[in-house]
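The next block is model-v3.cif, given as mmCIF, C-alpha atoms.
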```cif
data_work
#
loop_
_atom_site.label_atom_id
_atom_site.label_comp_id
_atom_site.auth_asym_id
_atom_site.auth_seq_id
_atom_site.Cartn_x
_atom_site.Cartn_y
_atom_site.Cartn_z
CA MET A 1 84.56 22.27 109.39
CA VAL A 2 86.59 23.71 106.52
CA ASN A 3 89.85 23.82 108.47
CA ASP A 4 89.55 20.43 110.15
CA PRO A 5 92.96 18.77 109.53
CA VAL A 6 91.32 15.37 109.03
CA ASP A 7 88.51 16.44 106.71
CA PRO A 8 88.04 14.46 103.47
CA LEU A 9 89.87 16.86 101.12
CA ARG A 10 92.97 17.08 103.31
CA ARG A 11 92.93 13.32 103.99
CA ARG A 12 92.81 12.43 100.27
CA ILE A 13 95.61 14.85 99.43
CA LEU A 14 97.86 13.75 102.29
CA HIS A 15 97.32 10.10 101.39
CA GLY A 16 98.70 10.78 97.92
CA MET A 17 101.57 12.89 99.23
CA ALA A 18 102.65 10.22 101.72
CA ALA A 19 103.69 7.91 98.91
CA LEU A 20 105.96 10.50 97.32
CA PRO A 21 109.56 11.38 98.26
CA VAL A 22 110.48 14.93 99.15
CA VAL A 23 112.33 16.20 96.10
CA GLY A 24 115.11 18.75 96.12
CA PHE A 25 115.90 21.33 93.46
CA SER A 26 118.19 18.90 91.67
CA GLY A 27 115.46 16.23 91.52
CA THR A 28 117.03 13.97 94.17
CA ALA A 29 115.11 12.74 97.20
CA LEU A 30 115.80 14.58 100.45
CA ALA A 31 115.07 13.85 104.07
CA THR A 32 112.16 15.92 105.36
CA SER A 33 114.40 17.35 108.07
CA ALA A 34 116.89 18.82 105.61
CA THR A 35 117.45 22.55 105.87
CA SER A 36 115.86 24.46 102.99
CA ALA A 37 116.10 28.00 101.72
CA THR A 38 113.06 30.14 102.41
CA THR A 39 110.31 30.66 99.87
CA PRO A 40 111.06 33.87 97.92
CA SER A 41 108.83 36.82 98.76
CA ALA A 42 107.03 38.95 96.18
CA SER A 43 104.77 41.95 95.86
CA GLU A 44 101.29 41.74 97.37
CA GLY A 45 99.93 43.47 94.30
CA PRO A 46 97.05 45.94 94.15
CA PHE A 47 94.17 43.46 94.49
CA TYR A 48 94.53 41.89 97.94
CA PRO A 49 90.89 42.02 99.07
CA PRO A 50 90.35 43.57 102.52
CA ALA A 51 87.79 41.90 104.77
CA GLN A 52 84.90 44.13 103.65
CA MET A 53 85.36 43.06 100.00
CA ARG A 54 85.38 39.31 100.65
CA PHE A 55 82.47 36.92 100.56
CA ASP A 56 81.23 35.60 103.89
CA ASP A 57 82.53 32.26 102.62
CA VAL A 58 86.34 32.52 102.84
CA ASP A 59 87.15 28.82 103.18
CA ARG A 60 89.75 26.87 101.18
CA ASP A 61 87.37 25.84 98.40
CA LEU A 62 87.39 28.79 96.01
CA VAL A 63 85.41 26.93 93.36
CA LYS A 64 82.09 26.84 95.22
CA ILE A 65 80.57 29.67 97.25
CA VAL A 66 78.09 28.70 99.95
CA ASP A 67 74.45 29.44 98.94
CA LYS A 68 75.36 29.99 95.26
CA LEU A 69 74.19 27.43 92.72
CA GLU A 70 76.82 28.06 90.08
CA GLN A 71 80.35 26.70 90.34
CA ALA A 72 83.37 28.66 89.18
CA GLY A 73 84.42 28.43 85.57
CA GLY A 74 87.91 27.31 84.61
CA GLU A 75 89.98 24.19 85.20
CA ILE A 76 89.56 22.93 88.76
CA VAL A 77 92.85 22.08 90.49
CA THR A 78 94.21 21.44 93.96
CA LEU A 79 97.12 23.36 95.49
CA ALA A 80 98.59 21.62 98.53
CA GLY A 81 101.78 21.32 100.54
CA ARG A 82 103.19 22.06 103.96
CA VAL A 83 104.32 25.11 105.91
CA LEU A 84 107.82 24.41 107.25
CA ASP A 85 110.63 26.25 109.01
CA VAL A 86 114.13 26.37 107.52
CA SER A 87 115.06 23.16 109.34
CA GLY A 88 112.19 21.25 107.76
CA ASN A 89 110.02 21.21 110.86
CA PRO A 90 106.25 21.56 110.29
CA ILE A 91 104.53 24.73 111.47
CA PRO A 92 100.99 23.94 112.65
CA GLY A 93 98.36 26.62 113.06
CA ALA A 94 99.69 28.94 110.35
CA ARG A 95 97.10 30.87 108.36
CA ILE A 96 97.63 30.50 104.62
CA GLU A 97 95.70 32.90 102.38
CA ILE A 98 95.44 32.76 98.60
CA TRP A 99 93.80 35.08 96.10
CA GLN A 100 93.77 35.13 92.31
CA CYS A 101 91.81 36.31 89.31
CA ASP A 102 88.89 34.31 87.99
CA VAL A 103 88.68 32.61 84.60
CA ASN A 104 87.79 36.02 83.06
CA GLY A 105 90.91 37.67 84.48
CA ARG A 106 89.00 39.59 87.17
CA TYR A 107 89.94 39.94 90.84
CA LEU A 108 87.61 40.15 93.82
CA HIS A 109 88.47 43.82 94.35
CA ARG A 110 86.64 47.07 93.67
CA ALA A 111 89.73 48.56 92.02
CA ASP A 112 89.66 45.91 89.29
CA GLN A 113 87.50 47.62 86.68
CA GLY A 114 87.96 45.14 83.85
CA ALA A 115 85.52 45.21 80.94
CA ILE A 116 84.48 41.56 81.38
CA ALA A 117 82.13 40.70 84.23
CA ARG A 118 83.46 38.79 87.22
CA ASP A 119 82.72 35.08 87.46
CA ALA A 120 79.98 35.12 90.09
CA GLY A 121 80.76 31.52 91.08
CA PHE A 122 84.41 32.10 91.99
CA GLN A 123 85.29 32.92 95.58
CA GLY A 124 88.44 34.86 94.65
CA PHE A 125 90.00 34.64 98.14
CA GLY A 126 90.31 31.83 100.66
CA HIS A 127 92.33 30.60 103.59
CA ASP A 128 93.39 27.41 105.33
CA ILE A 129 95.01 26.69 108.71
CA SER A 130 97.99 24.33 108.59
CA GLY A 131 97.54 20.98 110.30
CA ALA A 132 99.75 19.33 112.91
CA ASP A 133 102.09 18.21 110.12
CA GLY A 134 102.13 21.70 108.55
CA SER A 135 99.82 20.63 105.72
CA TYR A 136 97.54 22.98 103.80
CA ALA A 137 95.25 22.41 100.82
CA PHE A 138 93.06 24.50 98.50
CA ARG A 139 90.59 23.67 95.74
CA THR A 140 90.69 26.43 93.20
CA ILE A 141 91.12 26.99 89.45
CA LYS A 142 94.30 26.82 87.45
CA PRO A 143 95.41 30.46 87.17
CA VAL A 144 94.97 32.21 83.85
CA PRO A 145 96.85 35.13 82.29
CA TYR A 146 95.50 38.65 82.08
CA THR A 147 96.91 41.74 80.39
CA GLY A 148 100.46 42.34 81.59
CA ARG A 149 100.78 39.26 83.84
CA THR A 150 101.56 35.59 83.52
CA PRO A 151 99.25 33.16 85.40
CA HIS A 152 99.90 33.22 89.15
CA ILE A 153 98.36 32.71 92.58
CA HIS A 154 99.02 35.19 95.38
CA VAL A 155 99.94 33.64 98.74
CA LYS A 156 100.24 35.11 102.22
CA VAL A 157 101.30 33.28 105.40
CA LEU A 158 100.56 34.53 108.92
CA ILE A 159 101.87 32.91 112.09
CA ASP A 160 100.55 34.04 115.46
CA ASN A 161 98.66 36.80 113.59
CA ARG A 162 101.91 38.19 112.19
CA GLU A 163 102.57 38.27 108.46
CA ARG A 164 105.60 36.10 107.73
CA LEU A 165 105.51 35.84 103.95
CA THR A 166 103.78 37.28 100.91
CA THR A 167 104.63 35.70 97.58
CA GLN A 168 103.29 34.54 94.22
CA PHE A 169 103.19 31.02 92.78
CA TYR A 170 103.61 30.46 89.03
CA VAL A 171 102.69 27.73 86.55
CA GLU A 172 105.61 25.64 85.35
CA ASP A 173 106.85 26.44 81.83
CA HIS A 174 104.03 28.83 80.96
CA PRO A 175 105.10 30.79 77.85
CA ASP A 176 104.22 34.12 79.49
CA ASN A 177 106.64 33.58 82.39
CA ALA A 178 109.61 34.81 80.36
CA ARG A 179 107.83 38.10 79.64
CA ASP A 180 106.48 38.69 83.16
CA TRP A 181 108.46 41.44 84.94
CA LEU A 182 107.79 40.10 88.44
CA TYR A 183 108.66 36.53 87.55
CA ARG A 184 111.86 37.69 85.88
CA ARG A 185 112.92 39.48 89.08
CA VAL A 186 113.09 36.14 90.89
CA PRO A 187 116.61 34.65 90.64
CA VAL A 188 116.67 31.55 88.46
CA THR A 189 118.00 29.52 91.40
CA ASP A 190 114.94 30.47 93.49
CA ARG A 191 112.17 29.85 90.96
CA GLU A 192 111.79 26.17 91.83
CA ARG A 193 110.36 27.15 95.21
CA ILE A 194 107.50 29.15 93.67
CA THR A 195 106.69 26.88 90.73
CA MET A 196 103.46 24.87 90.57
CA ARG A 197 103.45 21.60 88.61
CA PHE A 198 99.92 20.39 88.02
CA GLU A 199 100.83 16.79 87.27
CA ASP A 200 99.40 14.45 89.89
CA GLU A 201 95.69 13.85 90.25
CA THR A 202 93.43 13.28 93.25
CA ASP A 203 89.86 12.31 92.31
CA ASN A 204 90.71 13.24 88.69
CA ILE A 205 91.63 16.80 89.71
CA PRO A 206 95.17 17.95 88.79
CA GLN A 207 97.23 18.73 91.84
CA ALA A 208 100.32 20.85 92.51
CA ARG A 209 102.28 20.30 95.73
CA LEU A 210 104.45 23.13 96.93
CA ASP A 211 105.91 23.49 100.41
CA ILE A 212 106.18 26.96 101.92
CA ILE A 213 109.39 27.60 103.86
CA VAL A 214 109.38 30.52 106.31
#
```
Using the file provided, produce a representation of the structure as structure tokens.
Amino acid sequence: MVNDPVDPLRRRILHGMAALPVVGFSGTALATSATSATTPSASEGPFYPPAQMRFDDVDRDLVKIVDKLEQAGGEIVTLAGRVLDVSGNPIPGARIEIWQCDVNGRYLHRADQGAIARDAGFQGFGHDISGADGSYAFRTIKPVPYTGRTPHIHVKVLIDNRERLTTQFYVEDHPDNARDWLYRRVPVTDRERITMRFEDETDNIPQARLDIIV
């Protein structure tokens, strides 16, 4: 099952994470129980796909759609982390949704009328359910820029069917960040909590680990 907390993808990612310290904003190791500031919220944007626009396949692997032969274009990456409360306690059973444009800059949304065709192999939207330790994981593509926006991944968290957070994650040190009006609205002191660093690799796939604090 795609949301099984002990499935192979989650197990590989958690194995790699277990060997790493939890790092604070200053770069020093922190205890996992330390109180943290919440993840900054951000606009949902105009392209959040309602249920009727999504594929039947809405799992956490956005790179491969069930029953389609082609795989998504772009650089395959993993986005993983945990959903935690402000005291550092894991939140199991949270629904984490992500959506983003494909390698051609197109969203899975009828209002996106871009001139370039959508990548038919990209799922565009997916979700995971946090495990007992709060963990989540997605296989997707590294976000790309499109006109007017720096690369980003939209994220929504629901707990007990109530929306608790909507935000956007950004690529570390991308040159378009400084020109992006939404990124610039985030206080400099808060940007660490929405920054993806695709440095570590699991099965030769770059991985970014980013905890979500609600």
Just so the selection is clear, what residues does the PyMOL selection byres ((chain A and resi 75-92) around 6) cover here, as a PyMOL selection string? chain A and resi 32-36+74+93-94+130-142+205-214
I need the residue set behind the PyMOL selection byres ((chain A and resi 70) around 12) for this file; please write it as a count of residues only. 15
Picked residues, the PyMOL selection byres ((chain A and resi 147) around 12), as a VMD selection string: chain A and resid 101 104 to 106 114 to 115 144 to 146 148 to 151 176 179 to 180
As a check of understanding: the span from atom CA of A:Phe55 to atom CA of A:Ile153 is 18.3 Å
Around all listed atoms of stretch 61-77 of chain A, padded 3 Å per side, what centre and edge lengths does the axis-aligned box have in Å to one decimal, as JSON?
```
{"center_x": 83.5, "center_y": 26.0, "center_z": 92.3, "size_x": 24.7, "size_y": 13.9, "size_z": 21.3}
```
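Picture a line from atom CA of A:Gly124 to atom CA of A:Asp173; it runs 24.0 Å.
Proximity of A:Arg164, A:Arg118, A:Lys156, A:Arg60 to A:Tyr48, computed with all atoms listed in the file, is greatest for A:Lys156.
If you measure from each of A:Asp112, A:Val186, A:Ile194, A:Val103 to A:Gln168 using all atoms listed in the file, the closest one turns out to be A:Ile194.
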One decimal, in Å: what's the spacing between atom CA of A:Ala42 and atom CA of A:Thr195? 13.2 Å
Polymer residues at most 7 Å from A:Val157, all atoms listed in the file, same-chain spacing of 2 or more positions, as a PDB file with C-alpha atoms, in the coordinates of the input:
```pdb
ATOM      1  CA  ALA A  94      99.690  28.940 110.350  1.00  0.00           C
ATOM      2  CA  ARG A  95      97.100  30.870 108.360  1.00  0.00           C
ATOM      3  CA  ILE A  96      97.630  30.500 104.620  1.00  0.00           C
ATOM      4  CA  GLU A  97      95.700  32.900 102.380  1.00  0.00           C
ATOM      5  CA  VAL A 155      99.940  33.640  98.740  1.00  0.00           C
ATOM      6  CA  ILE A 159     101.870  32.910 112.090  1.00  0.00           C
ATOM      7  CA  GLU A 163     102.570  38.270 108.460  1.00  0.00           C
ATOM      8  CA  ARG A 164     105.600  36.100 107.730  1.00  0.00           C
ATOM      9  CA  LEU A 165     105.510  35.840 103.950  1.00  0.00           C
ATOM     10  CA  THR A 166     103.780  37.280 100.910  1.00  0.00           C
TER      11      THR A 166
END
```
